[in-house]
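So this one's structure20.txt, compact mmCIF, C-alpha atoms:
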```
# COMPACT_ATOMS: atom_id res chain seq x y z
CA MET A 1034 0.00 0.00 0.00
CA SER A 1035 2.76 2.45 0.90
CA GLY A 1036 4.62 1.69 -2.33
CA GLU A 1037 1.59 1.95 -4.59
CA ALA A 1038 0.57 5.22 -2.95
CA ALA A 1039 4.03 6.61 -3.67
CA ARG A 1040 3.91 5.42 -7.27
CA VAL A 1041 0.50 6.95 -7.90
CA LEU A 1042 1.48 10.17 -6.16
CA ALA A 1043 4.57 10.44 -8.37
CA GLU A 1044 2.59 9.45 -11.49
CA ALA A 1045 5.32 6.92 -12.21
CA ASP A 1046 4.75 3.98 -14.51
CA GLN A 1047 6.24 1.37 -12.22
CA SER A 1048 7.97 0.67 -8.96
CA ALA A 1049 10.79 -1.83 -8.61
CA TRP A 1050 9.76 -2.59 -5.03
CA ASN A 1051 9.14 -6.32 -4.68
CA GLY A 1052 6.81 -5.88 -1.72
CA ARG A 1053 9.35 -7.11 0.81
CA ILE A 1054 10.45 -5.11 3.84
CA ALA A 1055 13.51 -6.25 5.75
CA GLU A 1056 15.02 -4.93 8.94
CA SER A 1057 18.21 -3.03 8.25
CA ALA A 1058 21.46 -3.15 10.16
CA ALA A 1059 23.27 -0.10 11.52
CA PRO A 1060 24.03 2.48 10.32
CA ILE A 1061 21.31 2.19 7.67
CA LEU A 1062 17.99 3.92 8.33
CA GLY A 1063 16.37 3.17 4.99
CA LEU A 1064 17.63 1.52 1.84
CA ALA A 1065 16.01 0.84 -1.53
CA HIS A 1066 18.06 -2.20 -2.42
CA TRP A 1067 18.74 -2.95 -6.06
CA ASP A 1068 17.07 -6.34 -5.67
CA GLY A 1069 13.78 -4.58 -4.94
CA THR A 1070 13.78 -5.10 -1.17
CA LEU A 1071 13.07 -2.17 1.12
CA TYR A 1072 15.31 -2.13 4.19
CA LEU A 1073 14.12 -0.09 7.18
CA ASP A 1074 15.57 0.40 10.65
CA ARG A 1075 13.57 -1.26 13.39
CA GLU A 1076 13.96 1.30 16.13
CA SER A 1077 13.72 4.49 14.06
CA ILE A 1078 11.25 3.54 11.33
CA LEU A 1079 9.33 0.31 11.86
CA ASP A 1080 8.62 0.59 15.58
CA PRO A 1081 7.33 4.19 15.40
CA LEU A 1082 5.01 3.28 12.51
CA GLN A 1083 3.73 0.25 14.38
CA HIS A 1084 3.17 2.40 17.47
CA MET A 1085 1.32 4.94 15.35
CA TYR A 1086 -1.20 2.38 14.13
CA GLU A 1087 -1.54 0.75 17.54
CA HIS A 1088 -2.64 4.13 18.89
CA ALA A 1089 -4.69 5.18 15.89
CA GLY A 1090 -6.80 8.25 16.42
CA GLU A 1091 -5.26 9.15 19.77
CA GLU A 1092 -3.84 12.56 20.55
CA ARG A 1093 -0.07 12.46 20.80
CA PRO A 1094 2.57 14.96 21.82
CA THR A 1095 4.37 16.93 19.15
CA SER A 1096 7.62 15.10 19.77
CA THR A 1097 5.93 11.79 18.95
CA LEU A 1098 4.29 13.22 15.84
CA VAL A 1099 7.68 14.44 14.64
CA ILE A 1100 9.10 10.95 15.05
CA TYR A 1101 6.21 9.52 13.02
CA ARG A 1102 6.70 12.15 10.36
CA GLU A 1103 10.43 11.44 10.14
CA SER A 1104 9.66 7.75 9.67
CA LEU A 1105 7.17 8.47 6.91
CA ALA A 1106 9.58 10.87 5.21
CA THR A 1107 12.19 8.15 5.03
CA LEU A 1108 9.60 5.66 3.79
CA LEU A 1109 8.47 7.96 0.96
CA HIS A 1110 12.07 8.81 0.06
CA GLU A 1111 13.00 5.15 -0.27
CA HIS A 1112 9.90 4.33 -2.29
CA ALA A 1113 10.79 7.16 -4.66
CA HIS A 1114 14.13 5.47 -5.34
CA PHE A 1115 12.24 2.48 -6.76
CA LEU A 1116 10.23 4.48 -9.32
CA GLY A 1117 10.82 4.37 -13.03
CA PRO A 1118 9.21 4.42 -16.48
CA PHE A 1119 7.76 1.38 -18.21
CA GLY A 1120 10.47 -1.04 -19.18
CA SER A 1121 13.13 0.41 -16.93
CA SER A 1122 15.34 -2.08 -15.15
CA GLN A 1123 17.11 -2.01 -11.84
CA GLU A 1124 20.20 -3.41 -13.52
CA ALA A 1125 20.48 -0.41 -15.85
CA ALA A 1126 19.65 1.93 -12.96
CA ARG A 1127 22.29 0.34 -10.76
CA GLU A 1128 24.97 0.66 -13.42
CA ALA A 1129 24.05 4.31 -14.08
CA PHE A 1130 24.03 5.08 -10.36
CA THR A 1131 27.77 4.39 -10.20
CA LYS A 1132 28.59 7.06 -12.78
CA PRO A 1133 29.89 10.43 -11.54
CA GLY A 1134 27.11 12.78 -10.53
CA SER A 1135 24.29 10.25 -10.79
CA ARG A 1136 24.01 9.49 -7.07
CA GLN A 1137 24.05 13.17 -6.14
CA LEU A 1138 21.34 13.93 -8.70
CA GLU A 1139 19.08 11.03 -7.73
CA GLU A 1140 19.49 11.60 -4.01
CA GLY A 1141 18.79 15.32 -4.36
CA VAL A 1142 15.76 14.74 -6.57
CA THR A 1143 14.35 11.98 -4.38
CA GLU A 1144 14.73 13.94 -1.16
CA ALA A 1145 13.43 17.22 -2.57
CA TRP A 1146 10.43 15.51 -4.12
CA ALA A 1147 9.68 13.56 -0.92
CA GLN A 1148 9.85 16.75 1.15
CA ASP A 1149 7.48 18.51 -1.22
CA HIS A 1150 4.94 15.68 -1.33
CA LEU A 1151 5.02 14.27 2.20
CA ASP A 1152 1.77 15.92 3.31
CA GLU A 1153 -0.06 14.63 0.25
CA TYR A 1154 1.35 11.15 0.85
CA ILE A 1155 0.15 11.29 4.45
CA HIS A 1156 -3.32 12.32 3.35
CA ARG A 1157 -3.52 9.66 0.65
CA LEU A 1158 -2.68 6.98 3.20
CA GLY A 1159 -5.18 8.43 5.69
CA ILE A 1160 -2.46 8.90 8.25
CA ASP A 1161 -3.75 12.33 9.18
CA LYS A 1162 -6.70 10.43 10.75
CA VAL A 1163 -4.45 7.83 12.37
CA ALA A 1164 -2.16 10.43 13.89
CA PRO A 1165 -4.13 13.69 14.21
CA GLY A 1166 -1.89 16.71 13.92
CA ILE A 1167 0.89 14.97 11.98
CA ASP A 1168 0.45 17.36 9.10
CA SER A 1169 1.00 20.37 11.34
CA VAL A 1170 4.44 19.39 12.65
CA GLN A 1171 7.66 19.81 10.77
CA ALA A 1172 10.45 17.37 10.11
CA SER A 1173 13.42 18.99 8.48
CA GLY A 1174 14.94 17.23 5.53
CA TYR A 1175 18.32 15.71 4.84
CA TYR A 1176 20.99 15.69 2.13
CA ALA A 1177 21.79 19.37 2.46
CA ALA A 1178 24.76 18.89 0.14
CA PHE A 1179 22.53 17.76 -2.73
CA VAL A 1180 19.02 19.16 -2.32
CA PRO A 1181 19.72 22.91 -2.63
CA ALA A 1182 21.77 22.42 -5.80
CA VAL A 1183 19.17 20.16 -7.36
CA ARG A 1184 16.41 22.62 -6.48
CA GLU A 1185 18.34 25.48 -8.04
CA LEU A 1186 19.16 23.57 -11.22
CA THR A 1187 15.63 22.26 -11.69
CA SER A 1188 14.07 25.61 -10.89
CA ASP A 1189 16.24 27.26 -13.52
CA LEU A 1190 15.23 24.64 -16.08
CA GLU A 1191 11.57 25.16 -15.27
CA SER A 1192 11.95 28.88 -15.92
CA ARG A 1193 13.76 28.38 -19.20
CA ASN A 1194 11.38 25.70 -20.47
CA ASP A 1195 8.19 27.44 -19.33
CA LEU A 1196 7.31 24.58 -17.03
CA ARG A 1197 5.37 24.90 -13.80
CA GLN A 1198 7.22 25.05 -10.51
CA GLY A 1199 8.27 21.58 -9.43
CA GLU A 1200 7.63 19.97 -12.81
CA VAL A 1201 11.26 19.12 -13.55
CA LEU A 1202 11.59 17.56 -10.11
CA ASP A 1203 8.46 15.52 -10.83
CA LEU A 1204 9.80 14.45 -14.22
CA LEU A 1205 13.18 13.43 -12.83
CA ASN A 1206 11.65 11.65 -9.86
CA ARG A 1207 9.78 9.20 -12.04
CA GLN A 1208 12.96 8.18 -13.86
CA THR A 1209 15.62 5.76 -12.74
CA ALA A 1210 19.25 6.80 -12.60
CA ALA A 1211 19.60 5.44 -16.13
CA SER A 1212 17.42 8.16 -17.61
CA GLN A 1213 17.70 11.04 -15.13
CA MET A 1214 20.93 12.51 -16.47
CA PRO A 1215 19.92 12.18 -20.15
CA LEU A 1216 16.66 13.94 -19.32
CA LEU A 1217 18.50 16.72 -17.52
CA VAL A 1218 20.82 17.21 -20.49
CA THR A 1219 17.86 17.26 -22.88
CA LEU A 1220 16.11 19.92 -20.85
CA VAL A 1221 19.22 22.09 -20.84
CA TYR A 1222 19.90 21.56 -24.54
CA ASN A 1223 16.31 22.18 -25.65
CA SER A 1224 16.17 25.47 -23.80
CA THR A 1225 18.77 26.93 -26.16
CA ARG A 1226 18.96 27.79 -29.88
CA LEU A 1227 21.23 24.82 -30.48
CA PRO A 1228 18.60 22.31 -31.62
CA ASP A 1229 17.96 24.66 -34.56
CA LEU A 1230 21.60 25.36 -35.26
CA GLU A 1231 23.38 22.05 -35.01
CA PRO A 1232 22.84 19.27 -37.54
CA ALA A 1233 23.68 16.82 -34.81
CA GLY A 1234 24.20 18.03 -31.27
CA ASP A 1235 25.84 14.94 -29.85
CA ASN A 1236 29.14 16.63 -29.06
CA THR A 1237 27.52 19.59 -27.38
CA ARG A 1238 25.22 17.36 -25.41
CA SER A 1239 28.20 15.31 -24.32
CA ARG A 1240 29.98 18.44 -23.08
CA LEU A 1241 26.88 19.61 -21.24
CA GLU A 1242 26.63 16.22 -19.59
CA SER A 1243 30.27 16.40 -18.52
CA ILE A 1244 29.67 19.78 -16.91
CA LEU A 1245 26.63 18.50 -15.06
CA ARG A 1246 28.34 15.32 -13.91
CA SER A 1247 31.54 16.94 -12.70
CA GLY A 1248 29.60 19.71 -10.98
CA LEU A 1249 27.23 17.35 -9.22
CA GLU A 1250 30.07 15.07 -8.21
CA HIS A 1251 31.76 18.07 -6.62
CA LEU A 1252 28.89 18.14 -4.07
CA ASP A 1253 30.47 15.08 -2.44
CA ASN A 1254 32.83 17.49 -0.72
CA TYR A 1255 30.03 18.78 1.49
CA GLU A 1256 28.42 15.47 2.36
CA LEU A 1257 29.79 15.34 5.89
CA ALA A 1258 29.58 19.08 6.50
CA PRO A 1259 27.08 20.70 8.86
CA PRO A 1260 23.77 21.49 7.08
CA ASP A 1261 24.27 25.27 6.89
CA PHE A 1262 27.73 24.93 5.40
CA ALA A 1263 26.56 22.21 3.03
CA THR A 1264 23.59 24.30 1.90
CA THR A 1265 25.70 27.37 1.17
CA ASN A 1266 28.19 25.41 -0.86
CA SER A 1267 25.54 23.37 -2.60
CA LEU A 1268 23.98 26.57 -3.90
CA SER A 1269 27.37 27.97 -4.83
CA THR A 1270 28.14 24.82 -6.79
CA ALA A 1271 24.81 25.07 -8.63
CA ASP A 1272 25.71 28.65 -9.60
CA GLN A 1273 29.03 27.42 -10.94
CA ILE A 1274 27.37 24.65 -12.91
CA LEU A 1275 24.90 27.09 -14.47
CA ASN A 1276 27.68 29.50 -15.37
CA HIS A 1277 29.72 26.75 -16.92
CA LEU A 1278 26.72 25.58 -18.93
CA THR A 1279 26.18 29.14 -20.11
CA GLN A 1280 29.74 29.39 -21.29
CA GLU A 1281 29.52 26.10 -23.14
CA ILE A 1282 26.24 27.02 -24.83
CA GLN A 1283 27.48 30.44 -25.86
CA SER A 1284 30.60 28.87 -27.28
CA ALA A 1285 28.56 26.36 -29.27
CA GLU A 1286 26.17 29.01 -30.54
CA ALA A 1287 29.05 31.25 -31.58
CA ALA A 1288 29.99 28.68 -34.22
CA TYR A 1289 26.85 29.72 -36.14
CA PRO A 1290 27.10 33.52 -36.32
CA SER A 1291 25.24 34.02 -39.59
CA THR A 1292 22.15 32.05 -38.73
CA PRO A 1293 19.13 34.28 -39.28
CA PRO A 1294 16.89 34.67 -36.26
CA ARG A 1295 13.55 32.93 -36.27
CA ALA A 1296 10.65 35.22 -37.03
CA ILE A 1297 8.16 33.22 -35.05
CA ALA A 1298 8.84 30.71 -32.36
CA PRO A 1299 7.19 27.34 -32.95
CA PRO A 1300 4.34 26.20 -30.73
CA HIS A 1301 5.62 25.26 -27.33
CA ALA A 1302 6.55 21.63 -27.19
CA ASP A 1303 5.30 19.40 -24.42
CA ALA A 1304 8.37 18.98 -22.24
CA ARG A 1305 6.72 16.16 -20.33
CA THR A 1306 7.01 13.88 -23.33
CA LEU A 1307 10.52 15.01 -24.17
CA PRO A 1308 10.14 15.41 -27.93
CA PRO A 1309 13.09 15.73 -30.28
CA PRO A 1310 14.98 19.01 -29.80
CA VAL A 1311 12.66 21.92 -30.47
CA PRO A 1312 13.40 25.54 -29.61
CA THR A 1313 10.90 26.93 -27.18
CA ARG A 1314 11.45 30.64 -27.42
CA ASP A 1315 12.63 33.48 -29.62
CA VAL A 1316 16.27 33.77 -30.49
CA PRO A 1317 18.15 35.88 -27.96
CA SER A 1318 20.49 38.65 -29.01
CA PRO A 1319 24.21 37.82 -29.13
CA HIS A 1320 24.63 39.53 -25.81
CA GLN A 1321 21.93 37.64 -24.01
CA THR A 1322 22.92 34.67 -21.95
CA ALA A 1323 21.59 31.38 -23.13
CA LEU A 1324 20.39 30.61 -19.63
CA SER A 1325 17.96 33.21 -18.41
CA GLY A 1326 18.41 34.87 -15.08
CA LEU A 1327 22.12 34.23 -14.90
CA MET A 1328 25.05 36.56 -14.89
CA PRO A 1329 27.07 36.38 -18.08
CA PRO A 1330 30.18 34.28 -17.66
CA THR A 1331 33.30 36.11 -16.72
CA THR A 1332 36.42 35.78 -18.76
CA THR A 1333 38.80 36.52 -15.94
CA ALA A 1334 37.63 34.09 -13.28
CA PRO A 1335 40.20 31.37 -12.72
CA PRO A 1336 38.94 27.82 -12.69
CA ALA A 1337 38.10 26.52 -9.26
CA ALA A 1338 39.67 23.40 -7.91
CA THR A 1339 37.52 20.46 -8.81
CA HIS A 1340 37.96 18.50 -5.62
CA PRO A 1341 38.81 20.87 -2.80
CA SER A 1342 38.78 19.47 0.66
CA PRO A 1343 35.59 20.23 2.62
CA ALA A 1344 37.53 22.35 5.05
CA ARG A 1345 39.01 24.55 2.34
CA SER A 1346 36.18 24.92 -0.12
CA ASN A 1347 33.77 27.37 1.42
CA HIS A 1348 32.97 29.33 -1.75
CA SER A 1349 30.67 32.23 -1.21
CA SER A 1350 27.18 31.80 -2.59
CA GLY A 1351 27.89 34.56 -5.07
CA SER A 1352 30.95 32.90 -6.47
CA ARG A 1353 30.86 32.58 -10.24
CA GLN A 1354 34.04 30.67 -10.78
CA ALA A 1355 33.88 28.09 -13.50
CA LEU A 1356 34.22 24.48 -12.57
CA THR A 1357 37.12 22.60 -14.01
CA ARG A 1358 35.81 20.01 -16.35
CA THR A 1359 37.22 16.61 -15.53
CA ALA A 1360 34.87 14.12 -17.12
CA MET B 52 37.13 0.93 -31.08
CA GLU B 53 38.69 0.27 -27.73
CA HIS B 54 40.41 2.85 -25.57
CA PRO B 55 42.55 0.86 -23.17
CA ILE B 56 44.10 3.91 -21.51
CA GLY B 57 40.76 5.62 -20.99
CA THR B 58 39.20 2.42 -19.79
CA THR B 59 42.00 1.92 -17.28
CA ALA B 60 41.65 5.48 -16.02
CA GLY B 61 37.91 5.00 -15.69
CA THR B 62 38.38 1.73 -13.82
CA VAL B 63 40.86 3.31 -11.43
CA ARG B 64 38.53 6.21 -10.83
CA SER B 65 35.62 3.89 -10.12
CA ALA B 66 37.78 1.94 -7.69
CA GLU B 67 38.72 5.17 -5.94
CA ARG B 68 35.08 6.22 -5.66
CA GLN B 69 34.16 2.79 -4.35
CA ALA B 70 36.92 2.97 -1.75
CA ARG B 71 35.77 6.44 -0.75
CA ALA B 72 32.20 5.20 -0.29
CA ASP B 73 33.37 2.29 1.84
CA TRP B 74 35.48 4.57 4.03
CA LEU B 75 32.67 7.09 4.44
CA ILE B 76 30.16 4.42 5.42
CA THR B 77 32.50 3.31 8.20
CA GLU B 78 33.12 6.90 9.25
CA LEU B 79 29.42 7.76 9.23
CA GLY B 80 28.65 4.71 11.32
CA ARG B 81 31.17 5.91 13.88
CA LEU B 82 29.83 9.46 13.81
CA ALA B 83 26.24 8.25 14.20
CA ALA B 84 27.18 6.03 17.12
CA ASP B 85 28.96 8.92 18.84
CA ALA B 86 26.28 11.53 18.14
CA GLU B 87 24.20 12.56 21.15
CA ASP B 88 21.75 14.67 19.17
CA PRO B 89 19.15 12.42 17.51
CA ARG B 90 18.94 14.81 14.57
CA GLU B 91 22.67 14.56 13.99
CA GLN B 92 22.50 10.82 14.33
CA ALA B 93 19.72 10.64 11.74
CA ARG B 94 21.66 12.94 9.40
CA PHE B 95 24.70 10.70 9.49
CA ARG B 96 22.62 7.60 9.00
CA ARG B 97 20.65 9.01 6.08
CA THR B 98 23.92 9.99 4.44
CA ALA B 99 25.18 6.47 5.00
CA ASP B 100 22.04 5.09 3.33
CA SER B 101 22.97 6.73 0.06
CA LEU B 102 26.56 5.56 0.20
CA VAL B 103 25.55 2.00 1.06
CA ARG B 104 23.30 2.03 -2.00
CA LEU B 105 26.27 3.18 -4.05
CA ALA B 106 28.59 0.59 -2.54
CA ILE B 107 26.11 -2.19 -3.33
CA ALA B 108 25.77 -0.87 -6.88
CA PHE B 109 29.53 -1.04 -7.35
CA ARG B 110 29.65 -4.63 -6.13
CA SER B 111 26.60 -6.02 -7.92
```
What do you get writing this file as structure tokens?
Amino acid sequence: MSGEAARVLAEADQSAWNGRIAESAAPILGLAHWDGTLYLDRESILDPLQHMYEHAGEERPTSTLVIYRESLATLLHEHAHFLGPFGSSQEAAREAFTKPGSRQLEEGVTEAWAQDHLDEYIHRLGIDKVAPGIDSVQASGYYAAFVPAVRELTSDLESRNDLRQGEVLDLLNRQTAASQMPLLVTLVYNSTRLPDLEPAGDNTRSRLESILRSGLEHLDNYELAPPDFATTNSLSTADQILNHLTQEIQSAEAAYPSTPPRAIAPPHADARTLPPPVPTRDVPSPHQTALSGLMPPTTTAPPAATHPSPARSNHSSGSRQALTRTA
Amino acid sequence: MEHPIGTTAGTVRSAERQARADWLITELGRLAADAEDPREQARFRRTADSLVRLAIAFRS
């Protein structure tokens, strides 16, 4: 029931969950295993949920409601890991998950989406009746190294593709790791003039993917850091990724200086179905950045170290240094 | 067309990332066990969850 509710809520085609729940061993709290088994900690997840149903309908102190909510947040997060489109396989997802940047992207997407949809999940399962008041307490989220960057990147893509707020997160959340990064690259690429300019954009797409992967992998440096520090640097890294993408896109577009501008933009394509590359807006002037809302790339900023130590890499949130491409 | 040098570099890099994940899982387990604040403990454990998933993916 909990898995199907998550699948329906996410509008995903399928879940790889095999219906089995196993008790995890320390230090694991929750784990969506590649074999389809859901591992959950007894003391922190399973016992609180059992207690919640044993005392259904009773008033409980806020501290207890927070514990319930934390358990449900982990449950929804893990179920989200299992989601994918029709025909997707855990084997392909597992292999893709080991590639640079994939884990950071999936973890950030899964956690951000679970945070945003936890109340709706609770209501769909009727838990607001089982534990009255659970939807009025807060449980702060996790993965501060990944979530802010993913939110910033997806929010920027939503703006540039005329998608509603949260739509890119929703789209990514119903993919496995095998298709998340290709989708992200497609959304970046299709928001530029390049689909109209390039006969075949494979090389550009490959460079955009390298920027995204190396930038997301860089977030590893803040994984053990305190949440505030991790958040600041996660946002700073997202800024750097967006700047680097801007530079790459401008460079690619500069190879086609004589291309006449389009008189009329084509009808807006449905981004949900990810059609072949189609421009979605009028051609910008040569001085406009390809990524809206961003500062133009600087030509004097030195490249930042790709793998600084956590203790030495506290970039300010306004930093616009370009990431060194390593992939 | 094969790229033996690139493949070797990629293999080495994957091995390094796998070793990093293994080390971090151990470290996070220690940090979680030592943490007095339940929130901190949960933070370390949730971080470990992701790395365990990665470590399993590398070994499968």
> In Å to one decimal, how far is CA of Thr1225 in chain A from CA of Ser1188 in chain A?
Replying inline: 16.0 Å
Take the point (0.7, 9.3, 21.0) as written in the file and pick out every residue within 12 Å of it, counting only C-alpha atoms; give the list as a compact mmCIF listing (two decimals) with C-alpha atoms, in the frame of the given file.
```txt
# COMPACT_ATOMS: atom_id res chain seq x y z
CA PRO A 1081 7.33 4.19 15.40
CA LEU A 1082 5.01 3.28 12.51
CA GLN A 1083 3.73 0.25 14.38
CA HIS A 1084 3.17 2.40 17.47
CA MET A 1085 1.32 4.94 15.35
CA TYR A 1086 -1.20 2.38 14.13
CA GLU A 1087 -1.54 0.75 17.54
CA HIS A 1088 -2.64 4.13 18.89
CA ALA A 1089 -4.69 5.18 15.89
CA GLY A 1090 -6.80 8.25 16.42
CA GLU A 1091 -5.26 9.15 19.77
CA GLU A 1092 -3.84 12.56 20.55
CA ARG A 1093 -0.07 12.46 20.80
CA PRO A 1094 2.57 14.96 21.82
CA THR A 1095 4.37 16.93 19.15
CA SER A 1096 7.62 15.10 19.77
CA THR A 1097 5.93 11.79 18.95
CA LEU A 1098 4.29 13.22 15.84
CA VAL A 1099 7.68 14.44 14.64
CA ILE A 1100 9.10 10.95 15.05
CA TYR A 1101 6.21 9.52 13.02
CA VAL A 1163 -4.45 7.83 12.37
CA ALA A 1164 -2.16 10.43 13.89
CA PRO A 1165 -4.13 13.69 14.21
CA GLY A 1166 -1.89 16.71 13.92
CA ILE A 1167 0.89 14.97 11.98
```
Interface rows for chain B against chain A: nearest pair, Å to one decimal, 8 Å, all atoms listed in the file, as CSV:
```
residue,atom,partner,partner_atom,distance
B:Ser65,CA,A:Thr1131,CA,7.9
B:Leu79,CA,A:Pro1060,CA,7.6
B:Gly80,CA,A:Pro1060,CA,5.2
B:Ala83,CA,A:Pro1060,CA,7.3
B:Ala93,CA,A:Leu1062,CA,7.7
B:Arg94,CA,A:Tyr1175,CA,6.3
B:Phe95,CA,A:Leu1257,CA,7.8
B:Arg96,CA,A:Pro1060,CA,5.5
B:Arg97,CA,A:Leu1062,CA,6.2
B:Thr98,CA,A:Tyr1176,CA,6.8
B:Ala99,CA,A:Ile1061,CA,6.4
B:Asp100,CA,A:Ile1061,CA,5.3
B:Ser101,CA,A:Glu1140,CA,7.2
B:Val103,CA,A:Ile1061,CA,7.9
B:Arg104,CA,A:His1066,CA,6.7
B:Leu105,CA,A:Thr1131,CA,6.4
B:Ile107,CA,A:Trp1067,CA,7.9
B:Ala108,CA,A:Arg1127,CA,5.4
B:Phe109,CA,A:Thr1131,CA,6.4
```
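Going from CA of Leu1252 in chain A over to CA of Ala86 in chain B, you cover 23.3 Å.
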Give one line per residue of range 1172-1258 of chain A that approaches range 1270-1286 of chain A to at most 10 Å, naming the two atoms of the closest pair and their distance in Å to one decimal, counting only C-alpha atoms; sort by chain then ascending residue number and deliver it as a tab-separated table.
```
residue	atom	partner	partner_atom	distance
A:Ala1178	CA	A:Thr1270	CA	9.7
A:Phe1179	CA	A:Ala1271	CA	9.7
A:Pro1181	CA	A:Ala1271	CA	8.2
A:Ala1182	CA	A:Ala1271	CA	4.9
A:Val1183	CA	A:Ala1271	CA	7.6
A:Arg1184	CA	A:Ala1271	CA	9.0
A:Glu1185	CA	A:Ala1271	CA	6.5
A:Leu1186	CA	A:Ala1271	CA	6.4
A:Asp1189	CA	A:Leu1275	CA	8.7
A:Val1221	CA	A:Leu1278	CA	8.5
A:Tyr1222	CA	A:Ile1282	CA	8.4
A:Thr1225	CA	A:Ile1282	CA	7.6
A:Arg1226	CA	A:Glu1286	CA	7.3
A:Leu1227	CA	A:Glu1286	CA	6.5
A:Leu1230	CA	A:Glu1286	CA	7.5
A:Glu1231	CA	A:Glu1286	CA	8.7
A:Gly1234	CA	A:Ala1285	CA	9.6
A:Asn1236	CA	A:Ala1285	CA	9.7
A:Thr1237	CA	A:Ala1285	CA	7.1
A:Arg1238	CA	A:Ile1282	CA	9.7
A:Arg1240	CA	A:Glu1281	CA	7.7
A:Leu1241	CA	A:Leu1278	CA	6.4
A:Glu1242	CA	A:Leu1278	CA	9.4
A:Ser1243	CA	A:Leu1278	CA	9.9
A:Ile1244	CA	A:Ile1274	CA	6.7
A:Leu1245	CA	A:Ile1274	CA	6.6
A:Arg1246	CA	A:Ile1274	CA	9.4
A:Ser1247	CA	A:Ile1274	CA	8.8
A:Gly1248	CA	A:Ile1274	CA	5.8
A:Leu1249	CA	A:Thr1270	CA	7.9
A:His1251	CA	A:Thr1270	CA	7.7
A:Leu1252	CA	A:Thr1270	CA	7.3
```
>> One number please: CA of Ala70 in chain B to CA of Ala106 in chain B, in Å, one decimal.
In response: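 Distance reported for this atom pair: 8.7 Å.
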